[in-house]
$ cat input-v2.txt   # compact mmCIF, C-alpha atoms
# COMPACT_ATOMS: atom_id res chain seq x y z
CA MET X 196 -84.72 -95.54 -133.85
CA PRO X 197 -87.74 -97.32 -135.44
CA LYS X 198 -89.70 -99.31 -132.89
CA ILE X 199 -91.33 -102.51 -134.16
CA LEU X 200 -93.78 -104.80 -132.33
CA ILE X 201 -94.23 -108.44 -133.36
CA ILE X 202 -97.54 -110.01 -132.24
CA GLU X 203 -97.36 -113.76 -132.87
CA ASP X 204 -98.50 -116.70 -130.76
CA GLU X 205 -95.93 -119.12 -132.23
CA ALA X 206 -92.69 -118.55 -130.33
CA ALA X 207 -90.55 -119.97 -133.15
CA ILE X 208 -91.99 -117.53 -135.70
CA ARG X 209 -91.53 -114.64 -133.25
CA ARG X 210 -87.87 -115.53 -132.76
CA VAL X 211 -87.26 -115.85 -136.52
CA LEU X 212 -88.87 -112.48 -137.30
CA SER X 213 -87.10 -110.75 -134.43
CA LYS X 214 -83.73 -112.22 -135.47
CA ILE X 215 -84.16 -111.23 -139.12
CA LEU X 216 -85.06 -107.65 -138.27
CA SER X 217 -82.37 -107.23 -135.62
CA GLU X 218 -79.61 -108.63 -137.85
CA GLU X 219 -80.71 -106.69 -140.91
CA ASN X 220 -80.75 -103.32 -139.18
CA ASP X 221 -79.28 -102.85 -135.73
CA THR X 222 -81.19 -99.57 -135.40
CA TYR X 223 -84.52 -101.43 -135.24
CA GLN X 224 -85.86 -101.75 -131.70
CA VAL X 225 -87.91 -104.97 -131.73
CA GLU X 226 -90.42 -106.02 -129.08
CA GLU X 227 -92.60 -109.14 -128.91
CA ALA X 228 -96.09 -110.07 -127.74
CA GLU X 229 -97.35 -113.64 -127.47
CA ASP X 230 -101.01 -112.95 -128.30
CA GLY X 231 -103.41 -110.24 -129.46
CA VAL X 232 -104.49 -109.13 -125.99
CA VAL X 233 -100.90 -108.55 -124.81
CA GLY X 234 -100.04 -106.93 -128.13
CA PHE X 235 -102.94 -104.49 -128.02
CA GLU X 236 -102.09 -103.49 -124.45
CA LYS X 237 -98.53 -102.75 -125.56
CA ILE X 238 -99.82 -100.64 -128.46
CA LYS X 239 -102.11 -98.67 -126.15
CA ASN X 240 -99.27 -97.88 -123.75
CA ASN X 241 -96.36 -97.37 -126.18
CA ASP X 242 -95.54 -95.70 -129.47
CA TYR X 243 -94.59 -98.05 -132.31
CA ASP X 244 -93.53 -97.25 -135.84
CA LEU X 245 -94.70 -100.63 -137.17
CA VAL X 246 -96.66 -103.67 -135.99
CA LEU X 247 -96.31 -107.17 -137.45
CA CYS X 248 -99.41 -109.10 -136.41
CA ASP X 249 -100.41 -112.73 -136.94
CA ILE X 250 -103.97 -113.30 -138.15
CA LYS X 251 -104.82 -116.57 -136.38
CA MET X 252 -104.31 -116.20 -132.62
CA PRO X 253 -106.20 -117.19 -129.48
CA LYS X 254 -107.98 -114.65 -127.25
CA MET X 255 -107.87 -111.85 -129.82
CA ASP X 256 -107.16 -112.57 -133.48
CA GLY X 257 -105.31 -110.31 -135.91
CA VAL X 258 -108.44 -108.85 -137.48
CA GLU X 259 -109.72 -107.77 -134.06
CA VAL X 260 -106.33 -106.26 -133.20
CA LEU X 261 -106.25 -104.38 -136.51
CA GLU X 262 -109.75 -102.97 -136.05
CA ALA X 263 -108.99 -101.92 -132.46
CA VAL X 264 -105.67 -100.26 -133.36
CA LYS X 265 -107.21 -98.32 -136.26
CA LYS X 266 -109.64 -96.74 -133.78
CA ILE X 267 -107.00 -95.45 -131.38
CA LYS X 268 -103.78 -95.12 -133.42
CA PRO X 269 -104.70 -95.19 -137.12
CA GLU X 270 -101.30 -93.82 -138.15
CA ILE X 271 -99.44 -97.04 -137.17
CA PRO X 272 -98.84 -99.22 -140.27
CA MET X 273 -99.76 -102.85 -139.62
CA VAL X 274 -98.39 -105.79 -141.59
CA MET X 275 -100.42 -108.97 -141.18
CA ILE X 276 -98.81 -112.44 -140.96
CA SER X 277 -100.87 -115.09 -142.71
CA GLY X 278 -100.74 -118.87 -142.87
CA HIS X 279 -101.49 -120.71 -146.11
CA GLY X 280 -105.16 -120.95 -145.24
CA ASP X 281 -105.49 -117.30 -144.29
CA MET X 282 -104.96 -115.64 -147.69
CA GLU X 283 -108.58 -114.57 -148.10
CA THR X 284 -108.57 -113.07 -144.61
CA ALA X 285 -105.22 -111.38 -145.30
CA ILE X 286 -106.67 -109.66 -148.36
CA TYR X 287 -109.70 -108.65 -146.29
CA THR X 288 -107.41 -106.99 -143.72
CA MET X 289 -106.02 -104.79 -146.50
CA ARG X 290 -109.53 -103.42 -146.98
CA LEU X 291 -109.66 -102.73 -143.25
CA GLY X 292 -106.50 -100.64 -143.45
CA ALA X 293 -103.58 -103.07 -143.09
CA PHE X 294 -100.46 -101.86 -144.91
CA ASP X 295 -99.61 -105.29 -146.34
CA TYR X 296 -99.34 -108.97 -145.46
CA ILE X 297 -96.59 -111.60 -145.48
CA SER X 298 -96.96 -115.36 -145.57
CA LYS X 299 -95.55 -118.03 -143.28
CA PRO X 300 -92.77 -119.03 -143.44
CA PRO X 301 -91.59 -115.46 -144.09
CA ASP X 302 -89.59 -114.81 -147.25
CA LEU X 303 -86.54 -112.78 -146.24
CA ASN X 304 -86.54 -110.25 -149.10
CA ARG X 305 -90.31 -109.75 -149.05
CA LEU X 306 -90.29 -109.25 -145.28
CA LEU X 307 -87.49 -106.68 -145.33
CA ASN X 308 -88.93 -104.77 -148.30
CA THR X 309 -92.36 -104.67 -146.67
CA VAL X 310 -90.90 -103.43 -143.37
CA ARG X 311 -88.85 -100.72 -145.10
CA ASN X 312 -91.87 -99.55 -147.14
CA ALA X 313 -94.12 -99.50 -144.07
CA LEU X 314 -91.59 -97.48 -142.07
CA ASP X 315 -91.21 -95.06 -145.00
CA LYS X 316 -95.00 -94.61 -144.98
CA LYS X 317 -94.97 -93.94 -141.23
CA GLN X 318 -92.27 -91.32 -141.73
CA LEU X 319 -94.40 -89.65 -144.41
CA VAL X 320 -97.36 -89.59 -142.04
CA VAL X 321 -95.21 -87.91 -139.37
CA GLU X 322 -93.88 -85.36 -141.89
CA ASN X 323 -97.42 -84.66 -143.10
CA LYS X 324 -98.55 -84.03 -139.53
CA ILE X 325 -95.69 -81.57 -139.00
CA LEU X 326 -96.53 -79.86 -142.29
CA LYS X 327 -100.20 -79.78 -141.37
CA LYS X 328 -99.39 -78.04 -138.10
CA LYS X 329 -97.42 -75.43 -140.02
CA VAL X 330 -100.22 -75.01 -142.53
CA SER X 331 -102.83 -74.78 -139.78
CA LYS X 332 -101.08 -71.68 -138.41
CA ASN X 333 -102.42 -69.92 -141.49
CA TYR X 334 -105.89 -70.57 -140.12
CA GLU X 335 -105.44 -69.48 -136.51
CA MET X 336 -108.24 -67.40 -135.06
CA ILE X 337 -106.51 -64.39 -133.56
CA GLY X 338 -108.27 -62.52 -130.77
CA GLU X 339 -109.52 -62.78 -127.21
CA SER X 340 -112.67 -60.67 -127.46
CA GLU X 341 -115.90 -62.08 -126.06
CA ALA X 342 -117.27 -62.62 -129.59
CA ILE X 343 -114.21 -64.57 -130.76
CA ASN X 344 -113.96 -66.64 -127.59
CA HIS X 345 -117.62 -67.56 -128.03
CA ILE X 346 -116.87 -68.82 -131.56
CA LYS X 347 -113.85 -70.82 -130.32
CA VAL X 348 -116.02 -72.52 -127.68
CA MET X 349 -118.66 -73.34 -130.31
CA ILE X 350 -116.03 -74.82 -132.64
CA ASP X 351 -114.70 -77.06 -129.86
CA LYS X 352 -118.22 -78.30 -129.10
CA VAL X 353 -119.30 -78.81 -132.70
CA ALA X 354 -116.12 -80.00 -134.44
CA GLU X 355 -116.22 -83.58 -133.16
CA THR X 356 -119.85 -84.04 -134.20
CA GLU X 357 -121.21 -84.66 -137.69
CA ALA X 358 -123.56 -81.66 -137.48
CA ARG X 359 -123.69 -79.41 -140.53
CA VAL X 360 -122.62 -75.83 -139.90
CA LEU X 361 -123.65 -72.59 -141.59
CA ILE X 362 -121.18 -69.74 -141.06
CA THR X 363 -122.45 -66.21 -141.62
CA GLY X 364 -120.81 -62.81 -141.54
CA PRO X 365 -119.61 -59.96 -143.78
CA ASN X 366 -116.86 -60.37 -146.35
CA GLY X 367 -113.33 -60.39 -144.96
CA THR X 368 -114.22 -61.50 -141.43
CA GLY X 369 -112.53 -64.90 -141.62
CA LYS X 370 -115.37 -67.33 -142.21
CA GLU X 371 -112.94 -69.71 -143.92
CA LEU X 372 -110.87 -69.81 -140.70
CA VAL X 373 -113.90 -71.20 -138.86
CA ALA X 374 -114.37 -73.85 -141.56
CA HIS X 375 -110.73 -74.93 -141.33
CA GLN X 376 -110.85 -75.10 -137.55
CA LEU X 377 -114.01 -77.22 -137.68
CA HIS X 378 -112.32 -79.65 -140.04
CA GLU X 379 -108.93 -79.81 -138.29
CA LYS X 380 -110.54 -80.54 -134.92
CA SER X 381 -112.89 -83.19 -136.33
CA VAL X 382 -112.51 -86.94 -136.69
CA ARG X 383 -112.34 -86.29 -140.45
CA SER X 384 -109.11 -84.29 -140.20
CA ASN X 385 -107.03 -87.05 -141.83
CA PHE X 386 -109.19 -86.74 -144.94
CA PRO X 387 -109.51 -83.80 -147.34
CA LEU X 388 -111.08 -80.42 -146.76
CA ILE X 389 -112.31 -79.37 -150.21
CA GLU X 390 -113.16 -75.69 -150.65
CA VAL X 391 -115.60 -74.45 -153.28
CA ASN X 392 -116.19 -70.74 -153.86
CA CYS X 393 -119.71 -70.83 -155.25
CA ALA X 394 -119.58 -67.16 -156.25
CA ALA X 395 -116.47 -67.67 -158.42
CA ILE X 396 -117.89 -70.50 -160.56
CA PRO X 397 -120.24 -69.66 -163.47
CA SER X 398 -123.78 -70.96 -162.85
CA GLU X 399 -123.60 -73.23 -165.92
CA LEU X 400 -120.50 -74.97 -164.52
CA ILE X 401 -121.32 -75.21 -160.82
CA GLU X 402 -123.08 -78.59 -161.07
CA SER X 403 -120.17 -80.13 -162.96
CA GLU X 404 -117.73 -78.64 -160.45
CA LEU X 405 -119.63 -80.05 -157.47
CA PHE X 406 -120.80 -83.41 -158.81
CA GLY X 407 -118.51 -84.15 -161.76
CA HIS X 408 -119.51 -85.16 -165.26
CA VAL X 409 -119.18 -87.99 -167.75
CA LYS X 410 -117.55 -87.78 -171.16
CA GLY X 411 -119.88 -86.13 -173.67
CA ALA X 412 -122.18 -84.57 -171.07
CA PHE X 413 -121.53 -81.19 -172.70
CA THR X 414 -119.26 -79.78 -175.41
CA SER X 415 -116.06 -79.48 -173.39
CA ALA X 416 -116.55 -82.72 -171.44
CA VAL X 417 -113.82 -84.71 -173.22
CA LYS X 418 -113.43 -87.26 -170.40
CA ASP X 419 -115.07 -88.39 -167.16
CA ARG X 420 -114.31 -86.10 -164.24
CA ALA X 421 -115.01 -86.47 -160.54
CA GLY X 422 -116.52 -83.50 -158.72
CA LYS X 423 -115.74 -81.83 -155.42
CA PHE X 424 -118.16 -84.01 -153.43
CA GLU X 425 -116.31 -87.14 -154.53
CA ALA X 426 -112.95 -85.51 -153.80
CA ALA X 427 -114.16 -84.73 -150.27
CA ASP X 428 -115.32 -88.29 -149.53
CA LYS X 429 -114.82 -89.11 -145.83
CA GLY X 430 -113.70 -85.51 -145.32
CA THR X 431 -115.34 -82.08 -145.37
CA ILE X 432 -116.62 -79.91 -148.19
CA PHE X 433 -116.70 -76.16 -147.55
CA LEU X 434 -119.28 -74.41 -149.72
CA ASP X 435 -118.25 -70.77 -149.47
CA GLU X 436 -120.69 -68.07 -150.60
CA ILE X 437 -123.45 -70.64 -150.92
CA GLY X 438 -125.98 -67.82 -151.22
CA ASP X 439 -124.72 -67.33 -154.80
CA MET X 440 -125.46 -70.92 -155.86
CA SER X 441 -128.05 -71.48 -158.59
CA LEU X 442 -131.41 -73.00 -157.65
CA SER X 443 -130.79 -76.10 -159.80
CA ALA X 444 -127.46 -76.74 -158.04
CA GLN X 445 -129.16 -76.14 -154.68
CA ALA X 446 -131.62 -78.93 -155.49
CA LYS X 447 -128.76 -81.36 -156.12
CA VAL X 448 -126.93 -80.32 -152.98
CA LEU X 449 -130.15 -80.91 -151.04
CA ARG X 450 -130.36 -84.43 -152.43
CA ALA X 451 -126.72 -85.06 -151.54
CA LEU X 452 -127.46 -84.04 -147.96
CA GLN X 453 -130.67 -86.06 -147.73
CA GLU X 454 -129.47 -89.28 -149.35
CA SER X 455 -125.63 -89.07 -149.25
CA MET X 456 -125.78 -89.70 -153.00
CA ILE X 457 -124.67 -87.62 -155.98
CA THR X 458 -124.99 -88.09 -159.74
CA ARG X 459 -122.44 -86.83 -162.22
CA VAL X 460 -123.76 -84.52 -164.95
CA GLY X 461 -124.83 -86.66 -167.91
CA ALA X 462 -124.82 -89.91 -165.92
CA ASP X 463 -127.65 -92.06 -164.60
CA LYS X 464 -125.60 -93.91 -161.98
CA ASP X 465 -125.70 -92.74 -158.37
CA ILE X 466 -122.48 -92.44 -156.37
CA LYS X 467 -122.52 -92.76 -152.57
CA VAL X 468 -120.50 -90.12 -150.71
CA ASP X 469 -119.65 -89.66 -147.04
CA VAL X 470 -119.11 -85.93 -146.67
CA ARG X 471 -119.60 -83.38 -143.92
CA VAL X 472 -120.91 -80.09 -145.33
CA VAL X 473 -119.87 -76.73 -143.92
CA ALA X 474 -121.29 -73.70 -145.72
CA ALA X 475 -120.74 -69.96 -145.48
CA THR X 476 -122.41 -66.84 -146.80
CA ASN X 477 -122.27 -63.07 -146.45
CA LYS X 478 -125.95 -62.84 -147.39
CA ASP X 479 -129.05 -62.94 -145.24
CA LEU X 480 -130.44 -66.26 -146.45
CA LYS X 481 -133.84 -65.60 -144.92
CA VAL X 482 -134.17 -62.57 -147.20
CA GLU X 483 -132.94 -64.70 -150.12
CA ILE X 484 -135.60 -67.31 -149.27
CA ALA X 485 -138.35 -64.68 -149.12
CA GLU X 486 -137.32 -63.39 -152.55
CA GLY X 487 -137.17 -66.88 -154.09
CA ARG X 488 -133.41 -67.07 -154.59
CA PHE X 489 -132.64 -69.70 -151.97
CA ARG X 490 -134.41 -72.93 -151.04
CA GLU X 491 -135.85 -72.94 -147.54
CA ASP X 492 -135.51 -76.72 -147.23
CA LEU X 493 -131.79 -76.48 -148.07
CA TYR X 494 -131.35 -73.70 -145.52
CA HIS X 495 -132.79 -75.88 -142.76
CA ARG X 496 -130.55 -78.79 -143.83
CA LEU X 497 -127.45 -76.59 -143.70
CA ALA X 498 -128.20 -74.51 -140.61
CA VAL X 499 -128.12 -77.24 -137.97
CA ILE X 500 -125.50 -75.11 -136.22
CA LEU X 501 -125.25 -71.38 -136.95
CA ILE X 502 -121.98 -69.54 -136.32
CA LYS X 503 -121.98 -65.79 -136.88
CA VAL X 504 -118.55 -64.23 -137.39
CA PRO X 505 -118.61 -60.60 -136.23
CA ALA X 506 -117.40 -57.63 -138.26
CA LEU X 507 -114.07 -56.19 -137.14
CA ASN X 508 -115.86 -53.04 -135.95
CA GLU X 509 -117.67 -55.28 -133.43
CA ARG X 510 -114.41 -56.64 -131.99
CA ARG X 511 -112.08 -53.64 -131.88
CA ASP X 512 -110.32 -54.97 -128.76
CA ASP X 513 -108.75 -57.65 -130.97
CA ILE X 514 -107.13 -55.10 -133.31
CA PRO X 515 -103.81 -54.76 -131.38
CA MET X 516 -103.39 -58.54 -131.34
CA LEU X 517 -104.24 -58.77 -135.04
CA ILE X 518 -101.76 -56.01 -135.90
CA SER X 519 -99.00 -57.84 -134.01
CA HIS X 520 -99.90 -61.13 -135.72
CA PHE X 521 -99.88 -59.62 -139.21
CA ALA X 522 -96.66 -57.69 -138.55
CA ASP X 523 -94.87 -60.90 -137.49
CA LYS X 524 -96.26 -62.84 -140.44
CA ILE X 525 -95.39 -60.18 -143.03
CA ALA X 526 -91.85 -59.86 -141.65
CA SER X 527 -91.41 -63.63 -141.87
CA GLU X 528 -92.73 -63.73 -145.45
CA GLN X 529 -90.49 -60.87 -146.56
CA GLY X 530 -87.44 -61.93 -144.56
CA ASN X 531 -87.28 -58.61 -142.71
CA ALA X 532 -87.09 -57.56 -139.08
CA VAL X 533 -90.43 -57.12 -137.35
CA LYS X 534 -91.57 -53.49 -137.22
CA LYS X 535 -93.29 -52.31 -134.07
CA PHE X 536 -96.38 -50.11 -133.98
CA SER X 537 -96.47 -47.25 -131.49
CA ALA X 538 -99.30 -47.12 -128.96
CA ALA X 539 -100.64 -43.99 -130.66
CA ALA X 540 -100.62 -45.73 -134.07
CA ILE X 541 -102.52 -48.71 -132.69
CA SER X 542 -104.99 -46.45 -130.91
CA LEU X 543 -105.70 -44.59 -134.17
CA LEU X 544 -106.15 -47.83 -136.11
CA LYS X 545 -108.66 -49.00 -133.51
CA GLU X 546 -110.83 -46.01 -134.36
CA TYR X 547 -111.00 -46.67 -138.11
CA ASP X 548 -114.17 -47.87 -139.80
CA TRP X 549 -113.08 -51.28 -141.07
CA THR X 550 -115.62 -51.88 -143.83
CA GLY X 551 -113.29 -54.49 -145.35
CA ASN X 552 -112.84 -56.18 -141.97
CA ILE X 553 -109.76 -58.30 -141.20
CA ARG X 554 -108.76 -58.54 -144.86
CA GLU X 555 -108.58 -54.74 -145.04
CA LEU X 556 -106.65 -54.51 -141.75
CA ARG X 557 -104.04 -56.95 -143.04
CA ASN X 558 -103.58 -54.91 -146.22
CA VAL X 559 -103.19 -51.69 -144.21
CA VAL X 560 -100.62 -53.30 -141.88
CA GLU X 561 -98.59 -54.47 -144.87
CA ARG X 562 -98.77 -51.01 -146.48
CA LEU X 563 -97.58 -49.37 -143.26
CA ILE X 564 -94.70 -51.82 -142.88
CA ILE X 565 -93.53 -51.12 -146.44
CA LEU X 566 -93.98 -47.34 -146.42
CA GLY X 567 -93.67 -46.40 -142.74
CA GLY X 568 -90.64 -45.73 -140.55
CA SER X 569 -88.64 -48.15 -138.40
CA GLU X 570 -91.47 -47.88 -135.87
CA ILE X 571 -94.93 -47.28 -137.27
CA SER X 572 -96.08 -43.94 -135.87
CA GLU X 573 -99.36 -42.10 -135.64
CA SER X 574 -98.23 -39.85 -138.50
CA ASP X 575 -97.51 -42.94 -140.65
CA VAL X 576 -101.06 -44.13 -140.05
CA LYS X 577 -102.49 -40.73 -140.98
CA LEU X 578 -100.34 -40.59 -144.10
CA PHE X 579 -100.56 -44.15 -145.44
CA ALA X 580 -103.65 -45.72 -143.88
CA SER X 581 -106.13 -42.96 -144.69
CA LYS X 582 -109.33 -44.03 -146.39

$ encode --input "input-v2.txt" --output "structure tokens"
Amino acid sequence: MPKILIIEDEAAIRRVLSKILSEENDTYQVEEAEDGVVGFEKIKNNDYDLVLCDIKMPKMDGVEVLEAVKKIKPEIPMVMISGHGDMETAIYTMRLGAFDYISKPPDLNRLLNTVRNALDKKQLVVENKILKKKVSKNYEMIGESEAINHIKVMIDKVAETEARVLITGPNGTGKELVAHQLHEKSVRSNFPLIEVNCAAIPSELIESELFGHVKGAFTSAVKDRAGKFEAADKGTIFLDEIGDMSLSAQAKVLRALQESMITRVGADKDIKVDVRVVAATNKDLKVEIAEGRFREDLYHRLAVILIKVPALNERRDDIPMLISHFADKIASEQGNAVKKFSAAAISLLKEYDWTGNIRELRNVVERLIILGGSEISESDVKLFASK
């Protein structure tokens, strides 16, 4: 049952709005507040699907209520109620995050359409949160070893800050999981996490990919195109394998970090961006700096916080838990019953030299599930998981 709060200091207007909503849809649960202070207290202590809020009120006006609500419960759509002289302020509230505004006296059709649209938006927000929780399971950090618990503690401490993070570690260790956790636990989690694999983009295209380009900047630039930094505005950009980035692109990334400004390729106009940068590499950047392949000033800008993800061989105690996790996930993906691994099979897998790290372990688990018996045995491991 949608729960709607009306904040309005004029009792007559409150009664009219409440009556319209109650008669239109008897599933609406409507509550009232006579001023902004009372209304904000109700919002703090209750869950509402929609708030209708007058702009001109004593004690705490509608703009102040809107700003306060957006800080504590930004997902609640707010529809502002404006008098004839409040139109400019009503439009201003839209910039602050209000869903819409209605004028006094309220037009019946406009009011009901606005309420329905706002409630639809709230439902979408709820569905997106549920979906996000499902998606985030793909980025769980599995393990209870000392090394992994140390990383989890660091993520919890760092995520809520704006500090830049450099994640290091061999290929296949799960550096992208750390980046996703940092983003999902940050205040930027409602905005995009944009991933860029710097090693997969040709050096001549990396600047266009990161910063965008204008029409005619180069042969194939047939129209203006925004880059990844613009797409990540107010969110996080994850620069994976940053050690493979060209020196010219590094210079532009450095400027973006220093000035929060980027320039599209072929343009002369600066664009302001608000982006948190998380980077990752499997290379030793200090060696890259010494050999002239990586800028030292960029390294110091990126490495405010350093998180080293250990190789799987350094966290063998996590292997049983990882095997169980992958077995469950593979069974779910394939629609099959979960296969168990014998203690001897797990013990043997713990002894392997996992040069490909977690990525290799996942592939081996899948191979064993497909080719092994109803319970994965030590002989299955020897037969199908051999190097």

$ atom_distance --input "input-v2.txt" --atom1 "CA of Ala358 (chain X)" --atom2 "CA of Asn385 (chain X)"
17.9 Å

$ axis_aligned_box --input "input-v2.txt" --around "region 378-384 of chain X" --padding-each-side "6 Å" --output "AutoDock Vina command-line options"
--center_x -110.9 --center_y -83.3 --center_z -137.7 --size_x 16.0 --size_y 19.3 --size_z 17.5

$ closest_residue --input "input-v2.txt" --among "X:Ile202, X:Val232, X:Val320, X:Ile401" --to "Leu442 (chain X)" --atoms "all atoms listed in the file"
X:Ile401

$ residues_around --input "input-v2.txt" --residues "Gly430 (chain X)" --least-positions-apart "5" --cutoff "6 Å" --atoms "all atoms listed in the file" --output "ChimeraX atom specification"
/X:383,386-388,470

$ write_last_selection --input "input-v2.txt" --atoms "C-alpha atoms" --output "CSV table (one decimal), in the coordinates of the input"
chain,number,residue,atom,x,y,z
X,383,ARG,CA,-112.3,-86.3,-140.4
X,386,PHE,CA,-109.2,-86.7,-144.9
X,387,PRO,CA,-109.5,-83.8,-147.3
X,388,LEU,CA,-111.1,-80.4,-146.8
X,470,VAL,CA,-119.1,-85.9,-146.7

$ residues_near_point --input "input-v2.txt" --point "(-132.6, -78.9, -139.3)" --cutoff "12 Å" --atoms "only C-alpha atoms" --output "list in words"
Ala358, Arg359, Val360, Leu361, Leu452, Gln453, Glu491, Asp492, Leu493, Tyr494, His495, Arg496, Leu497, Ala498, Val499, Ile500 and Leu501 of chain X

$ atom_distance --input "input-v2.txt" --atom1 "CA of Met255 (chain X)" --atom2 "CA of Met196 (chain X)"
28.6 Å

$ residues_around --input "input-v2.txt" --residues "region 409-420 of chain X" --least-positions-apart "5" --cutoff "12 Å" --atoms "all atoms listed in the file" --output "ChimeraX atom specification"
/X:399-400,402-404,425-426,458-464

$ residues_around --input "input-v2.txt" --residues "region 264-270 of chain X" --least-positions-apart "3" --cutoff "12 Å" --atoms "all atoms listed in the file" --output "PyMOL selection string"
chain X and resi 231-232+234-246+248+257-261+273+288+291-294+313-314+316-324+382+385

$ atom_distance --input "input-v2.txt" --atom1 "CA of Lys299 (chain X)" --atom2 "CA of Asn220 (chain X)"
21.3 Å

$ residues_around --input "input-v2.txt" --residues "Asp513 (chain X)" --least-positions-apart "3" --cutoff "10 Å" --atoms "all atoms listed in the file" --output "list in words"
Ile337, Gly338, Glu339, Ser340, Glu341, Ala342, Ile343, Leu507, Asn508, Glu509, Arg510, Met516, Leu517, Ile518 and Lys545 of chain X

$ write_last_selection --input "input-v2.txt" --atoms "C-alpha atoms" --output "PDB file, in the frame of the given file"
ATOM      1  CA  ILE X 337    -106.510 -64.390-133.560  1.00  0.00           C
ATOM      2  CA  GLY X 338    -108.270 -62.520-130.770  1.00  0.00           C
ATOM      3  CA  GLU X 339    -109.520 -62.780-127.210  1.00  0.00           C
ATOM      4  CA  SER X 340    -112.670 -60.670-127.460  1.00  0.00           C
ATOM      5  CA  GLU X 341    -115.900 -62.080-126.060  1.00  0.00           C
ATOM      6  CA  ALA X 342    -117.270 -62.620-129.590  1.00  0.00           C
ATOM      7  CA  ILE X 343    -114.210 -64.570-130.760  1.00  0.00           C
ATOM      8  CA  LEU X 507    -114.070 -56.190-137.140  1.00  0.00           C
ATOM      9  CA  ASN X 508    -115.860 -53.040-135.950  1.00  0.00           C
ATOM     10  CA  GLU X 509    -117.670 -55.280-133.430  1.00  0.00           C
ATOM     11  CA  ARG X 510    -114.410 -56.640-131.990  1.00  0.00           C
ATOM     12  CA  MET X 516    -103.390 -58.540-131.340  1.00  0.00           C
ATOM     13  CA  LEU X 517    -104.240 -58.770-135.040  1.00  0.00           C
ATOM     14  CA  ILE X 518    -101.760 -56.010-135.900  1.00  0.00           C
ATOM     15  CA  LYS X 545    -108.660 -49.000-133.510  1.00  0.00           C
TER      16      LYS X 545
END

$ residues_around --input "input-v2.txt" --residues "region 559-563 of chain X" --least-positions-apart "3" --cutoff "9 Å" --atoms "all atoms listed in the file" --output "VMD selection string"
chain X and resid 518 521 to 522 525 554 to 556 566 to 568 571 575 to 576 579 to 580

$ closest_residue --input "input-v2.txt" --among "X:Cys393, X:Ala421, X:Ile553, X:Ala446" --to "Phe406 (chain X)" --atoms "all atoms listed in the file"
X:Ala421

$ closest_residue --input "input-v2.txt" --among "X:Thr284, X:Lys481, X:Gly438, X:Asp230" --to "Pro253 (chain X)" --atoms "all atoms listed in the file"
X:Asp230

$ closest_residue --input "input-v2.txt" --among "X:Ile201, X:Met456, X:Ala354, X:Met252" --to "Lys214 (chain X)" --atoms "all atoms listed in the file"
X:Ile201
